[in-house]
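Scroll down for the structure; my scribbles are underneath it.
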Amino acid sequence: MFDLGFASVCNGFSAFVDLLTEIISTPLAESGLGIAAKDLAETIVFAIKGFKEIARDGADMRRMIGVQVAIVAAAIGREG
């Protein structure tokens with residue numbers, strides 16, 4: 001369930017944003033992109049929400065997430 005009208009869903013998204021922020025903070029700062037870690041984390045999380053809306057199936061969603069991870073990893077200088 002991805003309905004942001006539910007507090008539990010919002011809490012889950014917030015927790016995921018916090019986790020990603022922690023993971024990407026150092027490499028993102030070292031990348032020189034000038035993007036706040038929380039902003040990037042929110043972009044990643046809500047893009048995944050969008051993928052759910054258009055993915056044909058689970059494999060398609062995993063493919064899109066993999067592409068997103070590869071792009072972010074390349075941008076911050078890490079292998080995906």
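Each chain of the structure tokens is named A, B, ... in the order shown, its residues numbered from 1; ligands are numbered from 1 in display order.
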
Practice problem: Tell me which protein, DNA and RNA residues are within 9 Å of Ala75 in chain A, counting only C-alpha atoms, leaving out same-chain ones fewer than 6 positions away, and put them as number ranges by chain. | Solution: A: 28, 31, 33

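Atom pair CA of Ile54 in chain A / CA of Ser14 in chain A: separated by 22.4 Å.
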
Quiz prompt | alpha helix (DSSP H) call set, DSSP backbone run, chain A, as a ChimeraX atom specification | solution = /A:7-31,37-54,58-75

Keeping only C-alpha atoms, write the selected residues to a file as a compact mmCIF listing (two decimals), in the first residue's frame.
```
# COMPACT_ATOMS: atom_id res chain seq x y z
CA ALA A 7 -0.17 7.83 8.74
CA SER A 8 1.49 4.42 8.79
CA VAL A 9 2.42 4.74 5.11
CA CYS A 10 3.81 8.24 5.68
CA ASN A 11 5.81 6.91 8.62
CA GLY A 12 7.19 4.10 6.46
CA PHE A 13 8.22 6.51 3.72
CA SER A 14 9.80 8.81 6.30
CA ALA A 15 11.77 5.95 7.84
CA PHE A 16 12.99 4.86 4.39
CA VAL A 17 14.02 8.45 3.58
CA ASP A 18 15.92 8.61 6.88
CA LEU A 19 17.69 5.31 6.14
CA LEU A 20 18.68 6.36 2.61
CA THR A 21 19.82 9.76 3.88
CA GLU A 22 22.16 8.01 6.31
CA ILE A 23 23.49 5.68 3.60
CA ILE A 24 24.14 8.33 0.95
CA SER A 25 25.24 11.30 3.09
CA THR A 26 29.00 10.74 2.96
CA PRO A 27 29.38 9.65 -0.68
CA LEU A 28 27.01 12.40 -1.81
CA ALA A 29 28.98 15.05 0.09
CA GLU A 30 32.18 13.74 -1.49
CA SER A 31 30.62 13.82 -4.98
CA ALA A 37 21.23 14.00 1.11
CA LYS A 38 17.64 14.24 2.33
CA ASP A 39 16.55 15.81 -0.98
CA LEU A 40 18.13 12.97 -2.95
CA ALA A 41 16.68 10.36 -0.58
CA GLU A 42 13.19 11.82 -0.99
CA THR A 43 13.60 11.85 -4.78
CA ILE A 44 14.64 8.20 -4.78
CA VAL A 45 11.81 7.10 -2.48
CA PHE A 46 9.07 8.93 -4.35
CA ALA A 47 10.41 7.84 -7.74
CA ILE A 48 10.02 4.25 -6.54
CA LYS A 49 6.43 5.09 -5.61
CA GLY A 50 5.95 6.30 -9.19
CA PHE A 51 7.53 3.15 -10.60
CA LYS A 52 4.85 1.15 -8.81
CA GLU A 53 2.21 3.06 -10.73
CA ILE A 54 3.62 2.24 -14.18
CA GLY A 58 7.50 -7.06 -10.38
CA ALA A 59 10.35 -7.67 -12.81
CA ASP A 60 9.67 -4.37 -14.54
CA MET A 61 9.67 -2.53 -11.23
CA ARG A 62 12.95 -4.17 -10.20
CA ARG A 63 14.45 -3.17 -13.56
CA MET A 64 13.44 0.48 -13.09
CA ILE A 65 14.76 0.55 -9.54
CA GLY A 66 18.02 -1.01 -10.77
CA VAL A 67 18.38 1.72 -13.40
CA GLN A 68 17.74 4.38 -10.78
CA VAL A 69 20.30 2.86 -8.40
CA ALA A 70 22.88 2.68 -11.20
CA ILE A 71 22.33 6.35 -12.10
CA VAL A 72 22.60 7.52 -8.49
CA ALA A 73 25.66 5.33 -7.86
CA ALA A 74 27.40 6.72 -10.96
CA ALA A 75 26.52 10.28 -9.97
```
